[in-house]
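Undergrad: Sharing structure36.csv below, CSV, N, CA and C atoms:
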```
chain,number,residue,atom,x,y,z
A,132,VAL,N,142.6,182.7,166.8
A,132,VAL,CA,143.2,184.0,166.1
A,132,VAL,C,142.2,185.1,166.5
A,133,GLN,N,142.8,186.2,166.8
A,133,GLN,CA,142.0,187.5,167.0
A,133,GLN,C,142.6,188.5,166.0
A,134,LEU,N,141.6,189.3,165.5
A,134,LEU,CA,142.0,190.4,164.6
A,134,LEU,C,141.6,191.7,165.1
A,135,GLN,N,142.5,192.7,165.1
A,135,GLN,CA,142.2,194.0,165.6
A,135,GLN,C,142.4,195.0,164.6
A,136,ALA,N,141.3,195.6,164.1
A,136,ALA,CA,141.4,196.7,163.1
A,136,ALA,C,141.4,198.0,163.7
A,137,SER,N,142.1,199.0,163.0
A,137,SER,CA,142.1,200.3,163.5
A,137,SER,C,142.4,201.3,162.3
A,138,GLY,N,142.3,202.6,162.6
A,138,GLY,CA,142.7,203.6,161.6
A,138,GLY,C,141.5,204.3,161.0
A,139,GLY,N,140.3,203.9,161.2
A,139,GLY,CA,139.2,204.6,160.6
A,139,GLY,C,139.0,206.0,161.2
A,140,GLY,N,138.2,206.7,160.5
A,140,GLY,CA,137.9,208.1,161.0
A,140,GLY,C,137.1,208.9,160.0
A,141,LEU,N,137.1,210.2,160.2
A,141,LEU,CA,136.4,211.1,159.3
A,141,LEU,C,137.4,211.8,158.4
A,142,VAL,N,137.1,211.8,157.1
A,142,VAL,CA,138.0,212.4,156.1
A,142,VAL,C,137.2,213.0,155.0
A,143,GLN,N,137.7,214.1,154.4
A,143,GLN,CA,137.0,214.7,153.3
A,143,GLN,C,137.2,213.9,152.1
A,144,ALA,N,136.3,214.1,151.2
A,144,ALA,CA,136.4,213.4,149.9
A,144,ALA,C,137.7,213.9,149.2
A,145,GLY,N,138.4,212.9,148.6
A,145,GLY,CA,139.7,213.2,148.0
A,145,GLY,C,140.9,212.9,148.9
A,146,GLY,N,140.6,212.8,150.2
A,146,GLY,CA,141.6,212.5,151.2
A,146,GLY,C,142.0,211.1,151.2
A,147,SER,N,142.9,210.8,152.2
A,147,SER,CA,143.5,209.5,152.4
A,147,SER,C,143.3,209.0,153.8
A,148,LEU,N,143.3,207.7,154.0
A,148,LEU,CA,143.4,207.1,155.3
A,148,LEU,C,144.2,205.8,155.2
A,149,ARG,N,144.8,205.3,156.3
A,149,ARG,CA,145.4,204.0,156.3
A,149,ARG,C,144.8,203.2,157.4
A,150,LEU,N,144.3,202.1,157.1
A,150,LEU,CA,143.8,201.1,158.1
A,150,LEU,C,144.8,200.1,158.4
A,151,SER,N,144.8,199.6,159.6
A,151,SER,CA,145.7,198.5,160.0
A,151,SER,C,144.9,197.4,160.6
A,152,CYS,N,145.4,196.2,160.5
A,152,CYS,CA,144.8,195.0,161.1
A,152,CYS,C,145.9,194.1,161.6
A,153,VAL,N,145.9,193.9,162.9
A,153,VAL,CA,146.9,193.0,163.6
A,153,VAL,C,146.2,191.7,164.0
A,154,ALA,N,146.9,190.6,163.6
A,154,ALA,CA,146.4,189.3,164.0
A,154,ALA,C,147.2,188.8,165.2
A,155,SER,N,146.6,188.2,166.1
A,155,SER,CA,147.2,187.7,167.3
A,155,SER,C,146.7,186.3,167.5
A,156,GLY,N,147.3,185.6,168.5
A,156,GLY,CA,146.9,184.2,168.7
A,156,GLY,C,147.7,183.3,167.8
A,157,SER,N,147.1,182.4,167.1
A,157,SER,CA,147.8,181.5,166.1
A,157,SER,C,147.9,182.2,164.8
A,158,ALA,N,148.5,183.4,164.8
A,158,ALA,CA,148.6,184.2,163.5
A,158,ALA,C,149.5,183.4,162.5
A,159,PHE,N,150.4,182.6,163.0
A,159,PHE,CA,151.3,181.9,162.0
A,159,PHE,C,150.5,181.0,161.1
A,160,SER,N,149.3,180.6,161.5
A,160,SER,CA,148.5,179.7,160.7
A,160,SER,C,147.7,180.4,159.5
A,161,LEU,N,147.8,181.7,159.5
A,161,LEU,CA,147.1,182.5,158.5
A,161,LEU,C,147.8,182.6,157.2
A,162,ASP,N,147.1,182.6,156.1
A,162,ASP,CA,147.7,182.8,154.8
A,162,ASP,C,147.0,183.9,154.0
A,163,TYR,N,145.7,184.0,154.1
A,163,TYR,CA,145.0,185.0,153.5
A,163,TYR,C,144.5,186.0,154.5
A,164,MET,N,144.6,187.3,154.2
A,164,MET,CA,144.0,188.3,155.0
A,164,MET,C,143.4,189.4,154.1
A,165,GLY,N,142.3,189.9,154.5
A,165,GLY,CA,141.7,190.9,153.6
A,165,GLY,C,140.8,191.9,154.3
A,166,TRP,N,140.2,192.7,153.5
A,166,TRP,CA,139.3,193.7,154.0
A,166,TRP,C,137.9,193.6,153.3
A,167,TYR,N,136.9,193.8,154.1
A,167,TYR,CA,135.5,193.9,153.6
A,167,TYR,C,135.0,195.2,154.1
A,168,ARG,N,133.9,195.6,153.6
A,168,ARG,CA,133.2,196.8,154.1
A,168,ARG,C,131.7,196.7,154.0
A,169,GLN,N,131.0,197.4,154.9
A,169,GLN,CA,129.6,197.3,154.9
A,169,GLN,C,129.1,198.8,155.1
A,170,ALA,N,128.4,199.3,154.1
A,170,ALA,CA,127.8,200.6,154.2
A,170,ALA,C,126.4,200.5,154.8
A,171,PRO,N,125.9,201.6,155.3
A,171,PRO,CA,124.6,201.6,155.9
A,171,PRO,C,123.5,201.1,155.0
A,172,GLY,N,122.8,200.1,155.4
A,172,GLY,CA,121.7,199.5,154.6
A,172,GLY,C,122.1,198.6,153.5
A,173,LYS,N,123.4,198.3,153.4
A,173,LYS,CA,123.9,197.4,152.4
A,173,LYS,C,124.6,196.2,152.9
A,174,GLU,N,124.8,195.2,152.1
A,174,GLU,CA,125.4,194.0,152.5
A,174,GLU,C,126.9,194.2,152.5
A,175,ARG,N,127.6,193.3,153.3
A,175,ARG,CA,129.0,193.4,153.4
A,175,ARG,C,129.6,193.0,152.1
A,176,GLU,N,130.6,193.7,151.6
A,176,GLU,CA,131.2,193.4,150.3
A,176,GLU,C,132.7,193.3,150.4
A,177,PHE,N,133.3,192.5,149.6
A,177,PHE,CA,134.7,192.3,149.5
A,177,PHE,C,135.4,193.6,148.9
A,178,VAL,N,136.6,193.9,149.5
A,178,VAL,CA,137.3,195.1,149.0
A,178,VAL,C,138.7,194.7,148.5
A,179,ALA,N,139.4,193.9,149.3
A,179,ALA,CA,140.8,193.6,148.9
A,179,ALA,C,141.3,192.4,149.8
A,180,ALA,N,142.2,191.7,149.2
A,180,ALA,CA,142.9,190.6,150.0
A,180,ALA,C,144.3,190.4,149.6
A,181,ILE,N,145.1,189.8,150.5
A,181,ILE,CA,146.5,189.5,150.2
A,181,ILE,C,146.8,188.1,150.7
A,182,ARG,N,147.6,187.4,150.0
A,182,ARG,CA,148.1,186.1,150.4
A,182,ARG,C,149.5,186.2,150.8
A,183,TRP,N,149.8,185.7,152.0
A,183,TRP,CA,151.2,185.8,152.5
A,183,TRP,C,152.1,185.0,151.6
A,184,SER,N,151.7,183.8,151.3
A,184,SER,CA,152.6,182.9,150.5
A,184,SER,C,152.4,183.2,149.1
A,185,GLY,N,153.3,183.9,148.5
A,185,GLY,CA,153.2,184.3,147.1
A,185,GLY,C,153.0,185.8,146.9
A,186,GLY,N,152.4,186.4,147.9
A,186,GLY,CA,152.2,187.8,147.8
A,186,GLY,C,151.1,188.3,146.9
A,187,ASN,N,150.2,187.4,146.4
A,187,ASN,CA,149.1,187.7,145.5
A,187,ASN,C,148.2,188.7,146.2
A,188,ARG,N,147.6,189.6,145.4
A,188,ARG,CA,146.7,190.6,145.9
A,188,ARG,C,145.5,190.7,145.0
A,189,TRP,N,144.4,190.9,145.6
A,189,TRP,CA,143.1,191.0,144.8
A,189,TRP,C,142.4,192.3,145.3
A,190,TYR,N,141.7,192.9,144.3
A,190,TYR,CA,140.9,194.1,144.6
A,190,TYR,C,139.6,194.1,144.0
A,191,ALA,N,138.6,194.7,144.7
A,191,ALA,CA,137.3,194.9,144.0
A,191,ALA,C,137.5,196.0,143.0
A,192,ASP,N,136.7,195.9,141.9
A,192,ASP,CA,136.9,196.9,140.8
A,192,ASP,C,136.7,198.4,141.3
A,193,SER,N,135.8,198.5,142.3
A,193,SER,CA,135.5,199.8,142.8
A,193,SER,C,136.6,200.6,143.5
A,194,VAL,N,137.7,199.8,143.9
A,194,VAL,CA,138.8,200.5,144.6
A,194,VAL,C,140.1,200.3,143.9
A,195,LYS,N,140.1,199.6,142.8
A,195,LYS,CA,141.4,199.5,142.0
A,195,LYS,C,141.9,200.8,141.6
A,196,GLY,N,143.2,201.0,141.8
A,196,GLY,CA,143.9,202.2,141.5
A,196,GLY,C,143.8,203.3,142.6
A,197,ARG,N,143.0,203.1,143.6
A,197,ARG,CA,142.9,204.0,144.6
A,197,ARG,C,143.3,203.5,146.0
A,198,PHE,N,143.1,202.2,146.2
A,198,PHE,CA,143.4,201.5,147.5
A,198,PHE,C,144.5,200.5,147.2
A,199,THR,N,145.4,200.3,148.2
A,199,THR,CA,146.4,199.4,148.2
A,199,THR,C,146.5,198.6,149.4
A,200,ILE,N,146.5,197.3,149.3
A,200,ILE,CA,146.7,196.4,150.5
A,200,ILE,C,148.1,196.0,150.6
A,201,SER,N,148.7,196.0,151.7
A,201,SER,CA,150.0,195.5,152.0
A,201,SER,C,150.1,194.8,153.3
A,202,GLY,N,151.3,194.2,153.6
A,202,GLY,CA,151.3,193.5,154.8
A,202,GLY,C,152.8,193.4,155.3
A,203,ASP,N,152.9,193.1,156.6
A,203,ASP,CA,154.1,192.8,157.3
A,203,ASP,C,153.9,191.4,157.9
A,204,ASN,N,154.4,190.4,157.2
A,204,ASN,CA,154.2,189.0,157.7
A,204,ASN,C,154.8,188.8,159.1
A,205,ALA,N,156.0,189.4,159.3
A,205,ALA,CA,156.7,189.2,160.6
A,205,ALA,C,155.8,189.8,161.8
A,206,GLU,N,155.1,190.9,161.5
A,206,GLU,CA,154.3,191.5,162.5
A,206,GLU,C,152.8,191.0,162.4
A,207,SER,N,152.5,190.1,161.5
A,207,SER,CA,151.1,189.6,161.4
A,207,SER,C,150.1,190.8,161.2
A,208,THR,N,150.5,191.7,160.4
A,208,THR,CA,149.7,193.0,160.2
A,208,THR,C,149.5,193.3,158.8
A,209,ILE,N,148.3,193.6,158.4
A,209,ILE,CA,148.1,194.1,157.1
A,209,ILE,C,147.6,195.6,157.2
A,210,TYR,N,147.9,196.3,156.1
A,210,TYR,CA,147.5,197.7,156.0
A,210,TYR,C,146.7,197.9,154.8
A,211,PHE,N,145.9,199.0,154.8
A,211,PHE,CA,145.0,199.3,153.7
A,211,PHE,C,145.2,200.8,153.5
A,212,HIS,N,145.9,201.2,152.4
A,212,HIS,CA,146.1,202.6,152.1
A,212,HIS,C,145.0,203.0,151.2
A,213,MET,N,144.2,203.9,151.6
A,213,MET,CA,143.0,204.3,150.9
A,213,MET,C,143.3,205.8,150.4
A,214,ASN,N,143.3,206.0,149.1
A,214,ASN,CA,143.6,207.3,148.6
A,214,ASN,C,142.4,207.7,147.7
A,215,THR,N,142.3,209.0,147.5
A,215,THR,CA,141.2,209.6,146.7
A,215,THR,C,139.9,209.0,147.1
A,216,LEU,N,139.6,209.1,148.4
A,216,LEU,CA,138.4,208.6,149.0
A,216,LEU,C,137.2,209.3,148.5
A,217,LYS,N,136.1,208.6,148.3
A,217,LYS,CA,134.8,209.1,147.8
A,217,LYS,C,133.8,208.9,148.9
A,218,ARG,N,132.7,209.6,148.8
A,218,ARG,CA,131.6,209.5,149.7
A,218,ARG,C,131.1,208.0,149.8
A,219,GLU,N,131.1,207.4,148.6
A,219,GLU,CA,130.6,206.0,148.6
A,219,GLU,C,131.5,205.0,149.2
A,220,ASP,N,132.7,205.4,149.7
A,220,ASP,CA,133.6,204.6,150.4
A,220,ASP,C,133.2,204.6,151.9
A,221,THR,N,132.3,205.4,152.3
A,221,THR,CA,131.8,205.4,153.7
A,221,THR,C,131.3,204.0,154.1
A,222,ALA,N,131.8,203.5,155.1
A,222,ALA,CA,131.4,202.1,155.5
A,222,ALA,C,132.2,201.7,156.8
A,223,VAL,N,131.7,200.7,157.4
A,223,VAL,CA,132.5,200.0,158.4
A,223,VAL,C,133.4,199.0,157.7
A,224,TYR,N,134.7,199.1,157.9
A,224,TYR,CA,135.7,198.2,157.3
A,224,TYR,C,136.1,197.1,158.2
A,225,TYR,N,136.0,195.9,157.7
A,225,TYR,CA,136.3,194.7,158.5
A,225,TYR,C,137.5,194.0,158.0
A,226,CYS,N,138.3,193.6,158.9
A,226,CYS,CA,139.5,192.7,158.6
A,226,CYS,C,139.0,191.3,158.7
A,227,ALA,N,139.5,190.4,157.7
A,227,ALA,CA,139.2,189.0,157.7
A,227,ALA,C,140.4,188.2,157.4
A,228,ALA,N,140.4,187.0,157.8
A,228,ALA,CA,141.6,186.1,157.6
A,228,ALA,C,141.2,184.7,157.6
A,229,LYS,N,142.1,183.9,156.9
A,229,LYS,CA,141.8,182.4,156.9
A,229,LYS,C,143.2,181.7,156.8
A,230,GLY,N,143.2,180.4,157.0
A,230,GLY,CA,144.4,179.7,157.0
A,230,GLY,C,144.9,179.4,155.6
A,231,SER,N,145.7,178.3,155.5
A,231,SER,CA,146.5,178.1,154.3
A,231,SER,C,145.9,177.3,153.2
A,232,THR,N,144.7,176.8,153.4
A,232,THR,CA,144.0,176.1,152.3
A,232,THR,C,143.8,177.1,151.1
A,233,ARG,N,144.3,176.7,150.0
A,233,ARG,CA,144.3,177.6,148.8
A,233,ARG,C,142.8,177.9,148.4
A,234,ILE,N,142.6,179.1,148.0
A,234,ILE,CA,141.3,179.6,147.5
A,234,ILE,C,141.5,179.9,146.0
A,235,ILE,N,140.6,179.4,145.2
A,235,ILE,CA,140.8,179.7,143.7
A,235,ILE,C,140.5,181.2,143.6
A,236,ASN,N,141.1,181.8,142.6
A,236,ASN,CA,141.0,183.3,142.4
A,236,ASN,C,139.5,183.8,142.4
A,237,SER,N,138.7,183.1,141.8
A,237,SER,CA,137.3,183.5,141.7
A,237,SER,C,136.6,183.5,143.0
A,238,ALA,N,137.1,182.8,144.0
A,238,ALA,CA,136.4,182.7,145.3
A,238,ALA,C,137.1,183.5,146.4
A,239,VAL,N,138.2,184.3,146.1
A,239,VAL,CA,138.9,185.0,147.1
A,239,VAL,C,137.9,186.0,147.7
A,240,GLY,N,137.0,186.6,147.0
A,240,GLY,CA,136.1,187.6,147.6
A,240,GLY,C,134.9,187.0,148.3
A,241,ASP,N,134.8,185.7,148.4
A,241,ASP,CA,133.6,185.1,149.0
A,241,ASP,C,133.9,185.1,150.5
A,242,MET,N,133.0,185.9,151.2
A,242,MET,CA,133.2,186.1,152.7
A,242,MET,C,133.2,184.8,153.5
A,243,HIS,N,132.5,183.8,152.9
A,243,HIS,CA,132.4,182.5,153.6
A,243,HIS,C,133.7,181.7,153.7
A,244,GLN,N,134.7,182.2,152.9
A,244,GLN,CA,136.0,181.5,152.9
A,244,GLN,C,136.8,181.9,154.2
A,245,TYR,N,136.4,183.0,154.8
A,245,TYR,CA,137.2,183.6,155.9
A,245,TYR,C,136.6,183.2,157.2
A,246,GLY,N,137.4,182.6,158.0
A,246,GLY,CA,136.9,182.1,159.3
A,246,GLY,C,137.1,183.0,160.5
A,247,TYR,N,137.9,184.0,160.3
A,247,TYR,CA,138.3,185.0,161.3
A,247,TYR,C,137.9,186.4,160.9
A,248,TRP,N,137.3,187.1,161.8
A,248,TRP,CA,136.9,188.5,161.5
A,248,TRP,C,137.2,189.4,162.7
A,249,GLY,N,137.6,190.6,162.3
A,249,GLY,CA,137.8,191.7,163.3
A,249,GLY,C,136.5,192.4,163.6
A,250,GLN,N,136.6,193.4,164.5
A,250,GLN,CA,135.4,194.1,165.0
A,250,GLN,C,135.0,195.2,164.1
A,251,GLY,N,135.8,195.6,163.1
A,251,GLY,CA,135.4,196.7,162.2
A,251,GLY,C,135.8,198.1,162.7
A,252,THR,N,136.1,198.9,161.7
A,252,THR,CA,136.5,200.3,162.0
A,252,THR,C,135.8,201.2,161.0
A,253,LEU,N,135.2,202.3,161.5
A,253,LEU,CA,134.3,203.1,160.7
A,253,LEU,C,135.1,204.1,159.9
A,254,VAL,N,134.8,204.2,158.6
A,254,VAL,CA,135.4,205.2,157.7
A,254,VAL,C,134.3,206.1,157.2
A,255,THR,N,134.3,207.4,157.5
A,255,THR,CA,133.3,208.3,157.0
A,255,THR,C,134.0,209.3,156.1
A,256,VAL,N,133.4,209.4,154.9
A,256,VAL,CA,134.0,210.3,153.9
A,256,VAL,C,132.9,211.4,153.7
A,257,SER,N,133.3,212.7,154.0
A,257,SER,CA,132.4,213.8,153.8
A,257,SER,C,132.7,214.5,152.5
A,258,SER,N,131.7,215.2,152.1
A,258,SER,CA,131.8,216.0,150.8
A,258,SER,C,132.4,217.3,151.1
```
Before we go any further, please render this structure as structure tokens.

TA:
Amino acid sequence: VQLQASGGGLVQAGGSLRLSCVASGSAFSLDYMGWYRQAPGKEREFVAAIRWSGGNRWYADSVKGRFTISGDNAESTIYFHMNTLKREDTAVYYCAAKGSTRIINSAVGDMHQYGYWGQGTLVTVSS
């Protein structure tokens, strides 16, 4: 499986961006896909995830109400609609994915659950 993320860029605070992540290869084997981010000098952190079977979605508290994860299963693509961006949202955003073995809710944000990673796309929010 290969993941290709895109859509990053420079945006002013309060603005919006939409990230995309396309899975290729054995994408049919995937069930969970999500987004992580890593700001300069900080550890990579969970942001959001979606499960194809059931449509469950999870969000980090820091983005709830501002960001929305969605997906097109037929296209093996997920999207990340980021609204009301803040300077602290500046980071490299990574797409991640895993197969169908169920993850308990409390572990959905554990990056070690995800075996596939994209190359990252940079989001810079200016004041």

Undergrad: Do you have the atom C of Val254 of chain A-atom N of Ala238 of chain A distance handy?

TA: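 Going from atom C of Val254 of chain A over to atom N of Ala238 of chain A, I get 26.9 Å.
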
Undergrad: Which one of A:Ser201, A:Thr232, A:Ser193, A:Ser257 sits closest to Val142 of chain A if you count all atoms listed in the file?

TA: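 Closest candidate: A:Ser257.
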
Undergrad: In terms of the shortest atom-to-atom distance over all atoms listed in the file, which of A:Ala144, A:Val239, A:Leu134, A:Gly202 is closest to Ala179 of chain A?

TA: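 Result for the nearest residue to Ala179 of chain A: A:Val239.
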
Undergrad: Write out as a PyMOL selection string which residues come within 6 Å of Thr199 of chain A when counting only N, CA and C atoms, dropping same-chain ones fewer than 4 positions away.

TA: chain A and resi 210-213

Undergrad: What residues in segment 168-255 of chain A get the DSSP label helix (DSSP H, G or I)? Please answer as a PyMOL selection string.

TA: chain A and resi 204-206+218-220+236-238+242-244

Undergrad: What's around Gln169 of chain A at 7 Å? Count all atoms listed in the file, leave out sequence neighbours fewer than 6 positions away in its own chain, and write the answer as a PDB file with N, CA and C atoms, in the coordinates of the input.

TA:
```
ATOM      1  N   ARG A 175     127.600 193.300 153.300  1.00  0.00           N
ATOM      2  CA  ARG A 175     129.000 193.400 153.400  1.00  0.00           C
ATOM      3  C   ARG A 175     129.600 193.000 152.100  1.00  0.00           C
ATOM      4  N   GLU A 176     130.600 193.700 151.600  1.00  0.00           N
ATOM      5  CA  GLU A 176     131.200 193.400 150.300  1.00  0.00           C
ATOM      6  C   GLU A 176     132.700 193.300 150.400  1.00  0.00           C
ATOM      7  N   THR A 221     132.300 205.400 152.300  1.00  0.00           N
ATOM      8  CA  THR A 221     131.800 205.400 153.700  1.00  0.00           C
ATOM      9  C   THR A 221     131.300 204.000 154.100  1.00  0.00           C
ATOM     10  N   ALA A 222     131.800 203.500 155.100  1.00  0.00           N
ATOM     11  CA  ALA A 222     131.400 202.100 155.500  1.00  0.00           C
ATOM     12  C   ALA A 222     132.200 201.700 156.800  1.00  0.00           C
ATOM     13  N   VAL A 223     131.700 200.700 157.400  1.00  0.00           N
ATOM     14  CA  VAL A 223     132.500 200.000 158.400  1.00  0.00           C
ATOM     15  C   VAL A 223     133.400 199.000 157.700  1.00  0.00           C
ATOM     16  N   TYR A 224     134.700 199.100 157.900  1.00  0.00           N
ATOM     17  CA  TYR A 224     135.700 198.200 157.300  1.00  0.00           C
ATOM     18  C   TYR A 224     136.100 197.100 158.200  1.00  0.00           C
ATOM     19  N   TYR A 225     136.000 195.900 157.700  1.00  0.00           N
ATOM     20  CA  TYR A 225     136.300 194.700 158.500  1.00  0.00           C
ATOM     21  C   TYR A 225     137.500 194.000 158.000  1.00  0.00           C
TER      22      TYR A 225
END
```

Undergrad: Counting only C-alpha atoms, figure out which residue out of A:Thr215, A:Thr255, A:Ser151, A:Gln133 gets nearest to Gly165 of chain A.

TA: A:Ser151

Undergrad: If you run DSSP over the backbone, which residues in chain A end up strand (DSSP E or B)? Put them as a ChimeraX atom specification.

TA: /A:133-137,140-143,148-155,163-169,176-182,188-190,198-203,208-213,222-229,247-248,252-257

Undergrad: Return the single residue from A:Gly185, A:Gly249, A:Gly196, A:Gly230 that is closest to Tyr163 of chain A, with distances computed using all atoms listed in the file.

TA: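 Counting all atoms listed in the file, the residue closest to Tyr163 of chain A is A:Gly230.
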
Undergrad: Using only C-alpha atoms, determine which residues lie at most 7 Å from Ala227 of chain A, disregarding the query and same-chain residues fewer than 5 positions distant; provide the list as a list of chain:residue names.

TA: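 Surrounding residues, per the criterion: A:Met164, A:Gly165, A:Trp166, A:Tyr245, A:Tyr247, A:Trp248, A:Gly249.
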
Undergrad: What does the distance from atom CA of Ser160 of chain A to atom C of Lys229 of chain A come to in Å, to one decimal?

TA: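 Spanning atom CA of Ser160 of chain A to atom C of Lys229 of chain A is a straight-line distance of 6.9 Å.
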
Undergrad: Between A:Val256, A:Ala180, A:Ala191, A:Leu148, which is the closest to Glu219 of chain A once you count only C-alpha atoms?

TA: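 Going through A:Val256, A:Ala180, A:Ala191, A:Leu148 one by one, the smallest distance to Glu219 of chain A is for A:Val256.
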
Undergrad: Which of these, A:Ile209, A:Cys226, A:Val178, A:Ala170, has the shortest distance to Leu150 of chain A once you count all atoms listed in the file?

TA: A:Ile209

Undergrad: Got a sec: who's within 8 Å of Leu216 of chain A, counting only C-alpha atoms, leaving out chain neighbours fewer than 6 positions off, as a CSV table (one decimal) with N, CA and C atoms, in the coordinates of the input?

TA:
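What follows is the written file selection_6.csv:
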```csv
chain,number,residue,atom,x,y,z
A,143,GLN,N,137.7,214.1,154.4
A,143,GLN,CA,137.0,214.7,153.3
A,143,GLN,C,137.2,213.9,152.1
A,144,ALA,N,136.3,214.1,151.2
A,144,ALA,CA,136.4,213.4,149.9
A,144,ALA,C,137.7,213.9,149.2
A,145,GLY,N,138.4,212.9,148.6
A,145,GLY,CA,139.7,213.2,148.0
A,145,GLY,C,140.9,212.9,148.9
A,146,GLY,N,140.6,212.8,150.2
A,146,GLY,CA,141.6,212.5,151.2
A,146,GLY,C,142.0,211.1,151.2
A,147,SER,N,142.9,210.8,152.2
A,147,SER,CA,143.5,209.5,152.4
A,147,SER,C,143.3,209.0,153.8
A,197,ARG,N,143.0,203.1,143.6
A,197,ARG,CA,142.9,204.0,144.6
A,197,ARG,C,143.3,203.5,146.0
A,256,VAL,N,133.4,209.4,154.9
A,256,VAL,CA,134.0,210.3,153.9
A,256,VAL,C,132.9,211.4,153.7
```

Undergrad: Have a look at atom C of Val153 of chain A and atom C of Asp241 of chain A and let me know their distance in Å, one decimal.

TA: 19.4 Å

Undergrad: Tell me which protein, DNA and RNA residues are within 8 Å of Glu206 of chain A, counting all atoms listed in the file, leaving out same-chain ones fewer than 5 positions away, and put them as a PDB file with N, CA and C atoms, in the frame of the given file.

TA:
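The result, written out as part.pdb:
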```pdb
ATOM      1  N   CYS A 152     145.400 196.200 160.500  1.00  0.00           N
ATOM      2  CA  CYS A 152     144.800 195.000 161.100  1.00  0.00           C
ATOM      3  C   CYS A 152     145.900 194.100 161.600  1.00  0.00           C
ATOM      4  N   VAL A 153     145.900 193.900 162.900  1.00  0.00           N
ATOM      5  CA  VAL A 153     146.900 193.000 163.600  1.00  0.00           C
ATOM      6  C   VAL A 153     146.200 191.700 164.000  1.00  0.00           C
ATOM      7  N   ALA A 154     146.900 190.600 163.600  1.00  0.00           N
ATOM      8  CA  ALA A 154     146.400 189.300 164.000  1.00  0.00           C
ATOM      9  C   ALA A 154     147.200 188.800 165.200  1.00  0.00           C
ATOM     10  N   SER A 155     146.600 188.200 166.100  1.00  0.00           N
ATOM     11  CA  SER A 155     147.200 187.700 167.300  1.00  0.00           C
ATOM     12  C   SER A 155     146.700 186.300 167.500  1.00  0.00           C
TER      13      SER A 155
END
```
